[in-house]
Structures are given as structure tokens and as C-alpha cells.
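Content type compact mmCIF, C-alpha atoms, from the file final-v1.txt:
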# COMPACT_ATOMS: atom_id res chain seq x y z
CA MET C 183 113.24 83.26 90.57
CA LYS C 184 112.42 86.02 93.05
CA THR C 185 113.16 89.58 92.12
CA LEU C 186 115.59 91.50 94.32
CA SER C 187 112.73 93.48 95.90
CA ALA C 188 111.04 90.22 96.91
CA THR C 189 114.12 89.20 98.90
CA ARG C 190 114.07 92.34 101.07
CA ARG C 191 112.90 91.76 104.61
CA LEU C 192 110.03 94.24 104.53
CA THR C 193 108.71 92.96 101.22
CA ARG C 194 108.88 89.40 102.52
CA ALA C 195 106.88 90.41 105.59
CA LEU C 196 104.22 92.01 103.39
CA LEU C 197 104.05 88.72 101.48
CA ARG C 198 103.53 87.02 104.88
CA GLU C 199 106.66 84.93 104.72
CA PRO C 200 107.99 83.69 108.08
CA LEU C 201 111.03 85.68 109.25
CA ASP C 202 113.59 85.35 112.03
CA ARG C 203 112.69 88.86 113.24
CA PRO C 204 110.25 91.59 112.21
CA PRO C 205 111.26 94.38 109.84
CA VAL C 206 111.36 97.84 111.39
CA TRP C 207 110.83 101.37 110.10
CA LEU C 208 109.21 104.49 111.57
CA MET C 209 106.89 107.18 110.31
CA ARG C 210 108.82 110.46 110.06
CA GLN C 211 112.07 108.60 110.63
CA ALA C 212 113.69 111.45 108.68
CA GLY C 213 112.99 114.56 110.68
CA ARG C 214 113.89 117.33 113.07
CA TYR C 215 115.10 115.02 115.84
CA LEU C 216 118.21 114.27 113.74
CA PRO C 217 120.97 116.90 113.69
CA GLU C 218 121.99 115.89 110.16
CA TYR C 219 118.41 116.56 109.00
CA ARG C 220 118.43 120.01 110.56
CA ALA C 221 121.70 120.79 108.80
CA VAL C 222 120.23 119.92 105.38
CA ARG C 223 117.05 121.88 106.09
CA GLU C 224 119.08 124.96 106.95
CA GLN C 225 121.09 124.55 103.77
CA ALA C 226 117.96 124.08 101.66
CA GLY C 227 116.16 127.06 103.15
CA GLY C 228 112.86 125.40 104.05
CA PHE C 229 110.66 122.33 104.08
CA LEU C 230 109.18 122.57 100.59
CA GLU C 231 112.57 123.45 99.17
CA MET C 232 113.94 120.18 100.58
CA ILE C 233 111.16 118.20 98.93
CA ARG C 234 111.50 119.92 95.57
CA ARG C 235 115.27 119.47 95.36
CA PRO C 236 115.84 115.73 94.74
CA GLU C 237 119.37 115.71 96.11
CA HIS C 238 118.15 117.10 99.44
CA ALA C 239 115.09 114.82 99.59
CA ALA C 240 117.25 111.78 98.85
CA GLU C 241 119.86 112.74 101.43
CA VAL C 242 117.39 113.10 104.31
CA THR C 243 115.60 109.90 103.22
CA LEU C 244 118.89 108.02 103.55
CA GLN C 245 120.06 109.59 106.82
CA PRO C 246 118.07 107.40 109.27
CA VAL C 247 118.92 104.25 107.30
CA ARG C 248 122.60 105.03 107.59
CA ARG C 249 122.38 105.91 111.27
CA PHE C 250 120.10 103.13 112.53
CA GLY C 251 120.17 100.31 109.95
CA LEU C 252 116.41 100.37 109.37
CA ASP C 253 114.81 97.83 107.06
CA ALA C 254 113.04 100.46 104.95
CA ALA C 255 113.52 103.99 103.73
CA ILE C 256 110.39 106.06 103.15
CA LEU C 257 110.75 108.90 100.69
CA PHE C 258 111.02 112.33 102.28
CA SER C 259 108.03 114.16 100.85
CA ASP C 260 104.59 115.30 102.01
CA ILE C 261 101.05 114.08 101.54
CA LEU C 262 99.94 117.49 100.23
CA ILE C 263 102.26 117.58 97.21
CA PRO C 264 99.53 116.16 94.90
CA LEU C 265 97.19 119.05 95.81
CA GLU C 266 99.79 121.52 94.62
CA ALA C 267 100.17 119.51 91.41
CA MET C 268 96.40 119.68 90.97
CA GLY C 269 96.59 123.48 90.91
CA MET C 270 96.27 124.55 94.57
CA GLU C 271 98.68 126.97 96.21
CA LEU C 272 100.55 125.23 99.05
CA VAL C 273 102.31 127.10 101.85
CA PHE C 274 104.40 125.81 104.76
CA ASP C 275 105.30 128.17 107.60
CA GLU C 276 105.88 128.01 111.36
CA HIS C 277 102.18 127.15 111.84
CA GLY C 278 102.26 124.19 109.46
CA PRO C 279 100.72 123.65 106.01
CA SER C 280 97.99 125.81 104.52
CA LEU C 281 96.17 126.14 101.22
CA PRO C 282 95.18 129.82 100.99
CA ARG C 283 92.43 129.30 98.41
CA PRO C 284 90.46 126.26 99.61
CA VAL C 285 88.02 124.28 97.48
CA ARG C 286 84.43 125.21 98.40
CA THR C 287 82.39 125.32 95.17
CA ARG C 288 81.77 123.27 92.05
CA ALA C 289 83.78 125.80 90.05
CA ASP C 290 86.73 125.30 92.44
CA ILE C 291 86.54 121.56 91.92
CA GLU C 292 86.32 121.85 88.15
CA ARG C 293 89.48 123.99 88.09
CA LEU C 294 91.49 121.17 89.67
CA ARG C 295 93.34 118.98 87.21
CA VAL C 296 94.32 115.32 87.51
CA PRO C 297 98.06 115.71 87.01
CA LEU C 298 100.51 113.40 85.31
CA PRO C 299 103.09 112.82 88.07
CA GLY C 300 106.07 112.61 85.76
CA GLU C 301 105.32 116.12 84.52
CA SER C 302 104.08 117.86 87.66
CA MET C 303 105.98 115.92 90.35
CA GLY C 304 109.07 114.78 88.48
CA TYR C 305 111.24 115.76 91.45
CA VAL C 306 109.61 112.91 93.40
CA GLY C 307 110.70 110.37 90.80
CA GLU C 308 114.21 111.79 90.64
CA ALA C 309 114.55 111.63 94.43
CA LEU C 310 113.38 108.02 94.43
CA ARG C 311 115.98 107.10 91.82
CA PHE C 312 118.71 108.81 93.85
CA VAL C 313 117.66 106.93 97.00
CA ARG C 314 117.43 103.55 95.28
CA ARG C 315 120.90 104.05 93.81
CA ASP C 316 122.46 104.60 97.25
CA LEU C 317 120.23 102.36 99.37
CA PRO C 318 121.57 98.96 100.51
CA ASP C 319 120.15 96.15 98.39
CA SER C 320 118.57 94.58 101.47
CA THR C 321 116.60 97.75 102.35
CA SER C 322 113.12 98.38 100.98
CA LEU C 323 112.05 101.73 99.57
CA LEU C 324 108.56 102.98 100.39
CA GLY C 325 106.50 105.49 98.47
CA PHE C 326 103.36 107.05 99.91
CA CYS C 327 100.42 109.34 99.38
CA GLY C 328 97.56 110.79 101.40
CA ALA C 329 94.23 109.03 101.00
CA PRO C 330 91.46 110.86 99.11
CA LEU C 331 89.56 111.79 102.28
CA THR C 332 92.64 113.24 103.96
CA LEU C 333 93.53 115.22 100.86
CA ALA C 334 89.94 116.44 100.63
CA SER C 335 90.02 117.61 104.23
CA TYR C 336 93.05 119.82 103.57
CA ALA C 337 91.70 121.05 100.23
CA ILE C 338 88.31 122.03 101.68
CA GLU C 339 89.42 123.29 105.10
CA GLY C 340 92.45 125.12 103.73
CA GLY C 341 94.72 123.51 106.29
CA THR C 342 94.65 121.20 109.28
CA GLY C 343 91.04 120.80 110.40
CA LYS C 344 89.57 120.63 113.89
CA SER C 345 85.81 120.32 113.57
CA PHE C 346 86.00 119.73 109.79
CA ALA C 347 82.88 121.87 109.45
CA GLU C 348 83.56 122.92 105.86
CA LEU C 349 84.26 119.33 104.83
CA ARG C 350 81.00 118.17 106.38
CA LYS C 351 78.99 120.99 104.80
CA LEU C 352 80.19 120.09 101.33
CA MET C 353 79.76 116.37 102.04
CA TYR C 354 76.23 116.63 103.43
CA HIS C 355 74.73 119.49 101.42
CA HIS C 356 76.49 119.16 98.07
CA GLU C 357 77.14 115.44 97.80
CA ALA C 358 77.51 115.43 94.01
CA ASP C 359 80.21 118.11 94.24
CA PHE C 360 81.95 116.29 97.06
CA ARG C 361 81.98 113.06 95.08
CA ALA C 362 83.34 114.86 92.01
CA LEU C 363 86.23 116.09 94.17
CA MET C 364 86.81 112.65 95.66
CA GLU C 365 86.84 111.08 92.21
CA LYS C 366 89.58 113.46 91.08
CA LEU C 367 91.54 112.83 94.27
CA ALA C 368 91.26 109.05 93.91
CA ARG C 369 92.59 109.21 90.34
CA THR C 370 95.40 111.56 91.38
CA THR C 371 96.34 109.30 94.30
CA ALA C 372 96.39 106.18 92.14
CA LEU C 373 98.60 107.86 89.54
CA HIS C 374 100.96 109.26 92.17
CA LEU C 375 101.41 105.88 93.87
CA ALA C 376 101.90 104.06 90.57
CA TYR C 377 104.49 106.64 89.50
CA GLN C 378 106.48 106.07 92.67
CA VAL C 379 106.51 102.33 91.99
CA GLU C 380 107.73 103.00 88.43
CA GLN C 381 110.55 105.10 89.85
CA GLY C 382 111.82 102.48 92.30
CA ALA C 383 109.47 102.11 95.29
CA ASP C 384 109.11 98.49 96.45
CA ALA C 385 105.83 99.12 98.27
CA VAL C 386 103.49 102.02 99.02
CA VAL C 387 101.66 103.39 102.04
CA LEU C 388 98.26 105.10 101.87
CA PHE C 389 97.96 107.50 104.82
CA ASP C 390 94.39 108.36 105.80
CA THR C 391 95.43 110.72 108.57
CA TRP C 392 91.98 112.23 109.11
CA ALA C 393 89.83 109.12 108.69
CA SER C 394 89.20 109.33 112.43
CA ALA C 395 87.24 112.57 111.90
CA LEU C 396 84.31 110.60 110.48
CA GLY C 397 81.98 108.15 112.13
CA ARG C 398 81.70 104.75 110.59
CA GLU C 399 78.55 105.42 108.53
CA ASP C 400 80.03 108.52 106.94
CA TYR C 401 83.43 106.92 106.34
CA VAL C 402 81.91 103.92 104.58
CA ARG C 403 79.64 106.12 102.48
CA TYR C 404 81.88 109.03 101.60
CA ALA C 405 85.51 107.87 101.89
CA LEU C 406 86.09 104.12 101.74
CA PRO C 407 85.14 103.65 98.05
CA TYR C 408 87.72 106.23 96.98
CA SER C 409 90.54 104.67 98.98
CA ARG C 410 89.61 101.38 97.36
CA GLN C 411 89.72 103.01 93.92
CA ALA C 412 93.15 104.51 94.61
CA LEU C 413 94.62 101.19 95.76
CA GLU C 414 93.10 99.22 92.90
CA GLY C 415 94.85 101.55 90.46
CA LEU C 416 98.28 100.14 91.30
CA PRO C 417 100.15 97.58 89.20
CA THR C 418 99.55 93.95 90.12
CA GLY C 419 101.87 92.57 92.79
CA VAL C 420 102.84 95.86 94.44
CA PRO C 421 102.52 95.52 98.25
CA ARG C 422 100.16 98.12 99.72
CA VAL C 423 99.88 99.31 103.31
CA VAL C 424 96.95 101.32 104.70
CA PHE C 425 97.28 103.52 107.78
CA ALA C 426 94.52 105.42 109.58
CA GLY C 427 95.36 106.77 113.03
CA ALA C 428 92.91 106.71 115.95
CA SER C 429 90.50 104.69 113.81
CA ASP C 430 89.72 101.63 115.87
CA HIS C 431 86.03 102.16 115.01
CA LEU C 432 86.87 101.77 111.30
CA LEU C 433 89.13 98.72 111.36
CA ASP C 434 86.44 96.30 110.21
CA ASP C 435 85.99 98.42 107.10
CA LEU C 436 89.64 99.32 106.53
CA SER C 437 90.48 95.62 106.62
CA THR C 438 88.36 95.09 103.49
CA LEU C 439 90.57 97.36 101.36
CA PRO C 440 92.82 95.73 98.73
CA ALA C 441 96.02 95.98 100.76
CA GLU C 442 98.67 93.58 102.05
CA ALA C 443 98.85 95.18 105.51
CA LEU C 444 96.80 97.34 107.85
CA ALA C 445 98.92 99.65 109.98
CA ILE C 446 97.25 100.39 113.31
CA ASP C 447 98.18 102.91 115.94
CA HIS C 448 99.12 102.47 119.58
CA ARG C 449 95.51 102.77 120.80
CA THR C 450 94.65 99.32 119.44
CA SER C 451 95.88 96.05 120.93
CA LEU C 452 98.10 94.22 118.46
CA ASP C 453 97.12 90.83 119.85
CA ARG C 454 93.43 91.64 119.43
CA ALA C 455 94.03 93.03 115.96
CA PHE C 456 95.91 89.90 114.86
CA ARG C 457 93.18 87.63 116.20
CA ARG C 458 90.54 89.65 114.37
CA TYR C 459 92.26 90.71 111.14
CA GLY C 460 95.36 88.54 110.83
CA ALA C 461 94.31 86.99 107.54
CA ARG C 462 92.71 90.04 105.90
CA PRO C 463 95.23 91.71 105.96
CA PRO C 464 97.75 91.34 108.82
CA PRO C 465 98.07 94.34 111.16
CA GLN C 466 101.29 96.29 111.52
CA GLY C 467 102.61 98.34 114.42
CA THR C 468 103.05 99.84 116.74
CA LEU C 469 104.43 101.67 119.76
CA ASP C 470 103.25 105.01 121.15
CA PRO C 471 105.63 107.65 119.68
CA ALA C 472 105.67 109.35 123.09
CA ALA C 473 107.37 106.26 124.53
CA LEU C 474 110.50 107.32 122.63
CA LEU C 475 110.73 110.26 125.04
CA ALA C 476 111.64 107.76 127.79
CA THR C 477 115.10 106.30 128.35
CA PRO C 478 116.72 103.94 125.83
CA GLU C 479 116.40 101.13 128.39
CA GLU C 480 112.65 101.73 128.75
CA VAL C 481 112.19 101.90 124.99
CA HIS C 482 114.00 98.58 124.61
CA ARG C 483 111.80 97.01 127.30
CA ARG C 484 108.58 98.25 125.70
CA VAL C 485 109.52 97.11 122.22
CA THR C 486 110.48 93.67 123.48
CA ALA C 487 107.15 93.39 125.30
CA LEU C 488 105.24 94.46 122.20
CA LEU C 489 107.04 91.89 120.05
CA ALA C 490 106.31 89.20 122.62
CA GLU C 491 102.62 90.10 122.26
CA VAL C 492 102.87 89.60 118.49
CA ALA C 493 104.69 86.29 119.08
CA GLY C 494 106.27 86.11 115.62
CA ARG C 495 103.03 86.12 113.64
CA PRO C 496 103.76 86.40 109.89
CA GLY C 497 103.11 89.79 108.33
CA HIS C 498 104.10 91.92 111.29
CA VAL C 499 106.21 95.03 110.70
CA LEU C 500 107.31 97.03 113.72
CA GLY C 501 106.66 100.76 113.74
CA LEU C 502 105.16 103.66 115.65
CA GLY C 503 101.55 104.71 116.06
CA HIS C 504 102.43 108.05 114.48
CA GLY C 505 105.53 110.00 113.49
CA VAL C 506 108.74 110.40 115.47
CA MET C 507 108.41 113.51 117.66
CA LYS C 508 110.95 116.29 117.18
CA GLU C 509 111.91 116.09 120.88
CA THR C 510 113.01 112.45 120.53
CA ASP C 511 116.57 111.52 121.49
CA PRO C 512 118.18 109.61 118.59
CA ALA C 513 119.53 107.16 121.21
CA CYS C 514 115.94 106.08 121.86
CA VAL C 515 115.36 105.41 118.17
CA ALA C 516 118.56 103.36 118.19
CA ALA C 517 117.20 101.37 121.14
CA PHE C 518 113.91 100.84 119.29
CA VAL C 519 115.70 99.39 116.28
CA ALA C 520 118.13 97.34 118.39
CA ALA C 521 115.25 95.70 120.26
CA ALA C 522 113.69 94.65 116.96
CA ARG C 523 116.99 93.28 115.65
CA GLU C 524 117.68 91.32 118.82
CA TYR C 525 114.21 89.84 119.27
CA ARG C 526 113.61 86.23 118.38
CA PRO C 527 110.12 84.74 118.71
Written form, C-alpha cells:
Amino acid sequence: MKTLSATRRLTRALLREPLDRPPVWLMRQAGRYLPEYRAVREQAGGFLEMIRRPEHAAEVTLQPVRRFGLDAAILFSDILIPLEAMGMELVFDEHGPSLPRPVRTRADIERLRVPLPGESMGYVGEALRFVRRDLPDSTSLLGFCGAPLTLASYAIEGGTGKSFAELRKLMYHHEADFRALMEKLARTTALHLAYQVEQGADAVVLFDTWASALGREDYVRYALPYSRQALEGLPTGVPRVVFAGASDHLLDDLSTLPAEALAIDHRTSLDRAFRRYGARPPPQGTLDPAALLATPEEVHRRVTALLAEVAGRPGHVLGLGHGVMKETDPACVAAFVAAAREYRP
């Protein structure tokens, strides 16, 4: 007999079962474009405060599911939370995230701990339990974490990188130190993902946001093995999704990771991706997030055209190439979801 999670539309898609329509969810589907989100953020007093208070994190996770009838909820959290649990100071302000004391030396790396998520990030587990309690039975719950390379980029650069000069200096000139950091990050990522599954997540997403910063040779040498290690640390049977934006040059390598789906962004043709990677693993995606700044009618047209390109291939999950932009009209998100619900291959 199938478990309840295996009967949910998104989980069935990740298992490559044929469906009458594709599941749909969006990166950053809980966010500033929703007035109800802004109300909770004002009440909480800030971004990190929302994440750390399970009742607030659960509420904003559920808001887009209630409003749009999405097929999955993704926990409201942030990819940098594990770095804080490892011992780094984490700050969010009007300029975005920063880590005031970046990791640059062997001593810095040795000071980082591999945390036990239930002790250092227990608020994540509590939020997941709150969401699962109030989520419709038919809706999947996604956990997530940043990939080791992406976490390393923030830890070393001290924030969002541009040239990633400090990352490259450590990687090229102190390879043993860099690998020691990546080993700790891979273990932390694996534990964090597994903890989220224990607390109710049906599937997990590994976000390698800054994979695109590296050329293929460097990515294969310095990053890919640690993403593999993180994904292999999950319990057997848990569906895994890998996402790396603007990484068309890495898709051959990303497709070798132990995952049930490869989420691509809007720069890559879905038809080409399915023909090339459909069996190992199937691609997911993906509309340009900027298209949601158009009219609802245009959004509906574009989603329908994208789904026609996919032509009902098993394994497809509809989403965006990146997160929902704060300027997005909720009516356009509604049109996005409606197009998916109405489409029949």
C-alpha cells in the first residue's frame, strides 16, 4: 500500500508516474508580493525573526497554498540558517544577508561545528510540524537547503559575491583548507535535509544558487562531489530535487547527481532538456519570473505554451526559473496556477 505522501501529486511526479496535469509550485511563493506576508513580517519585526518563530514561519508557508491552491508548500526559511548553526554570525538588513566574520583561514574553518539540527535549528522542525498539521493531505511539503558550494561562497565572501575572488583564492591556493570546509558543509547539509524529512517534509530541494560562478572544470573538481555527498546522506526513498540557476554549462554533470529531478531555469529549453536528460533525472521548470510582471492573460498564454512544449512527459513539475519577484501582482500568480490546473496534454 502506498503511503499518504506517495499519493500526493508532486511526489507522484517525482516518482515519474503519469498524471493528468503537472504539479505546480514556485520558488519564493511566500514573499513580499503577498499583502498577508507583509502583515506577518511587520508583526514579527524582521526576516530572521519570522524564520525563528515557528508560528510565523508556518503561517507564511501556508499563505500561498491557501490563496492559490498550489500542489506544494515549501518551508519558509533561508539557505544560510545552517551557517549560523555552525557558529557564524548572520545578519539581514536592507542590503540583504551578510556574515560579518567570514571564513578565510584554517583556524576559521576549524572553529565551525557540524551542528545537530534538532538542537541548533529546532525551530525549523517545529515549523514543519505546524505546516504539516494544517496542510491539505493532497499537498506536498518541501524542505530545502543550500548546496555546499553556495554555502561556502557566503561563508568565505561574507555575503553575496560578485567576482567570488575570496572563494577562488581559498579554492586555488589552499585547496586542503577549502576541502575541509566543504566536507563540513556537506555533512551539515545532509543532516539538515534529513532532519527536515524526519519532521514531515515529503521531498527536499538542494539549491546551488552560485554554481554558475564556476566553470565546468572547477565545478566538477571542487563542488560536485560535495553535493553528491549531501544528497547521498538522505534516507532511502526520499525524493530529491537539485536546482542550479544559469548553469546550462553544468547540466551534464548535475544530471549525474543522485536526485529524482533536475530543476532548470528559464534560460534552458525544456524540450531540449527532456530529450537530453529525461531519464536521468527528468528536468523541472520553468518560466522566467519576470513574465509574471505581464498581464494575467499573458501569463496564462505563456504557461500554456510551455506546457505544450513539455507535452505531458512524466516527471515534469511546473515552476519558475527563480523566485517570485516582490513587484509581482498576485493575480498573475493565480493565472500561472490556473493555467497549470487547466492544461491537459
Can you list every residue of range 319-404 of chain C that has an atom at most 10 Å from range 283-307 of chain C, with its nearest atom pair and the distance in Å to one decimal, using only C-alpha atoms, ordered by chain then number, as CSV?
residue,atom,partner,partner_atom,distance
C:Gly325,CA,C:Val306,CA,9.5
C:Ala334,CA,C:Val285,CA,8.7
C:Ser335,CA,C:Val285,CA,9.7
C:Tyr336,CA,C:Pro284,CA,8.0
C:Ala337,CA,C:Pro284,CA,5.4
C:Ile338,CA,C:Val285,CA,4.8
C:Glu339,CA,C:Pro284,CA,6.3
C:Gly340,CA,C:Pro284,CA,4.7
C:Gly341,CA,C:Pro284,CA,8.4
C:Glu348,CA,C:Arg286,CA,7.9
C:Leu349,CA,C:Arg286,CA,8.7
C:Lys351,CA,C:Arg286,CA,9.4
C:Leu352,CA,C:Arg286,CA,7.3
C:His356,CA,C:Arg288,CA,9.0
C:Ala358,CA,C:Arg288,CA,9.1
C:Asp359,CA,C:Arg288,CA,5.8
C:Phe360,CA,C:Arg288,CA,8.6
C:Ala362,CA,C:Ile291,CA,7.4
C:Leu363,CA,C:Ile291,CA,5.9
C:Met364,CA,C:Ile291,CA,9.7
C:Glu365,CA,C:Val296,CA,9.8
C:Lys366,CA,C:Val296,CA,6.2
C:Leu367,CA,C:Val296,CA,7.7
C:Ala368,CA,C:Val296,CA,9.5
C:Arg369,CA,C:Val296,CA,7.0
C:Thr370,CA,C:Val296,CA,5.5
C:Thr371,CA,C:Val296,CA,9.3
C:Leu373,CA,C:Pro299,CA,6.9
C:His374,CA,C:Pro299,CA,5.8
C:Leu375,CA,C:Pro299,CA,9.2
C:Ala376,CA,C:Pro299,CA,9.2
C:Tyr377,CA,C:Pro299,CA,6.5
C:Gln378,CA,C:Gly307,CA,6.3
C:Val379,CA,C:Gly307,CA,9.1
C:Glu380,CA,C:Gly307,CA,8.3
C:Gln381,CA,C:Gly307,CA,5.4
C:Gly382,CA,C:Gly307,CA,8.1
C:Ala383,CA,C:Gly307,CA,9.5
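Closest approach to Gln245 in chain C from the set C:Met507, C:Ala412, C:Leu272, C:Leu216 is made by C:Leu216, with distances taken over only C-alpha atoms.
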Using all atoms listed in the file, the best pick from C:Tyr401, C:Phe456, C:Phe229, C:Tyr354 as closest to Gly278 in chain C would be C:Phe229
Margin query: Taking all atoms listed in the file into account, name the residue in C:Leu324, C:Ala516, C:Val242, C:Ile256 that is nearest to Arg220 in chain C.
Written below: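 That would be C:Val242, the residue with the smallest distance to Arg220 in chain C.
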Using only C-alpha atoms, which residues of range 387-432 of chain C come within 12 Å of range 487-504 of chain C, and what is the closest atom pair for each, with the distance in Å to one decimal? Give it as CSV, sorted by chain and residue number.
residue,atom,partner,partner_atom,distance
C:Phe389,CA,C:His504,CA,10.7
C:Asp390,CA,C:His504,CA,11.8
C:Thr391,CA,C:His504,CA,9.5
C:Pro421,CA,C:Gly497,CA,11.6
C:Val423,CA,C:Val499,CA,10.6
C:Phe425,CA,C:Gly503,CA,9.4
C:Ala426,CA,C:Gly503,CA,9.6
C:Gly427,CA,C:Gly503,CA,7.2
C:Ala428,CA,C:Gly503,CA,8.9
C:Ser429,CA,C:Gly503,CA,11.3
Q: Go through C:Leu281, C:Ala385, C:Met353, C:Leu244 and flag the residue nearest Arg315 in chain C, using all atoms listed in the file for the distances.
A: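 Ranking C:Leu281, C:Ala385, C:Met353, C:Leu244 by distance to Arg315 in chain C, first place goes to C:Leu244.
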Item to complete: Quick one: everything within 10 Å of Val222 in chain C, counting only C-alpha atoms, minus sequence neighbours fewer than 5 positions away in the same chain. Send it as JSON, numbers by chain.
Response: {"C": [217, 227, 228, 229, 232, 238, 239, 241, 242]}
One decimal, in Å: what's the spacing between CA of Glu224 in chain C and CA of His277 in chain C?
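Pair CA of Glu224 in chain C / CA of His277 in chain C returns 17.7 Å.
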Requested in this report: Write out as a list of chain:residue names each polymer residue whose atoms come within 12 Å of Asp316 in chain C, counting only C-alpha atoms; drop sequence neighbours fewer than 6 positions from it.
Outcome: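 Here the answer would be C:Glu237, C:Ala240, C:Glu241, C:Thr243, C:Leu244, C:Gln245, C:Val247, C:Arg248, C:Ala255, C:Ala309, C:Leu310, C:Ser322, C:Leu323, C:Gly382.
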What are the centre and the three edge lengths of an axis-aligned box that wraps all atoms of range 487-492 of chain C in the file, given that 4 Å is added to every side, written as JSON and rounded to one decimal in Å?
{"center_x": 104.9, "center_y": 91.8, "center_z": 121.9, "size_x": 12.5, "size_y": 13.3, "size_z": 14.8}
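Atom pair CA of Ala254 in chain C / CA of Asp511 in chain C: separated by 20.2 Å.
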How would range 226-237 of chain C read, as a compact mmCIF listing (two decimals), keeping the file's coordinate frame, once N, CA and C atoms are built in?
# COMPACT_ATOMS: atom_id res chain seq x y z
N ALA C 226 118.98 124.00 102.71
CA ALA C 226 117.96 124.08 101.66
C ALA C 226 117.13 125.35 101.75
N GLY C 227 116.92 125.84 102.98
CA GLY C 227 116.16 127.06 103.15
C GLY C 227 114.70 126.86 103.49
N GLY C 228 114.26 125.62 103.67
CA GLY C 228 112.86 125.40 104.05
C GLY C 228 112.39 124.01 103.71
N PHE C 229 111.21 123.66 104.23
CA PHE C 229 110.66 122.33 104.08
C PHE C 229 110.33 121.99 102.63
N LEU C 230 109.55 122.85 101.97
CA LEU C 230 109.18 122.57 100.59
C LEU C 230 110.39 122.56 99.67
N GLU C 231 111.37 123.42 99.97
CA GLU C 231 112.57 123.45 99.17
C GLU C 231 113.32 122.12 99.26
N MET C 232 113.31 121.50 100.44
CA MET C 232 113.94 120.18 100.58
C MET C 232 113.25 119.14 99.72
N ILE C 233 111.92 119.18 99.70
CA ILE C 233 111.16 118.20 98.93
C ILE C 233 111.39 118.38 97.44
N ARG C 234 111.42 119.63 97.00
CA ARG C 234 111.50 119.92 95.57
C ARG C 234 112.90 119.74 94.99
N ARG C 235 113.91 119.68 95.84
CA ARG C 235 115.27 119.47 95.36
C ARG C 235 115.65 118.01 95.60
N PRO C 236 115.66 117.17 94.56
CA PRO C 236 115.84 115.73 94.74
C PRO C 236 117.08 115.33 95.53
N GLU C 237 118.16 116.08 95.38
CA GLU C 237 119.37 115.71 96.11
C GLU C 237 119.18 115.88 97.61
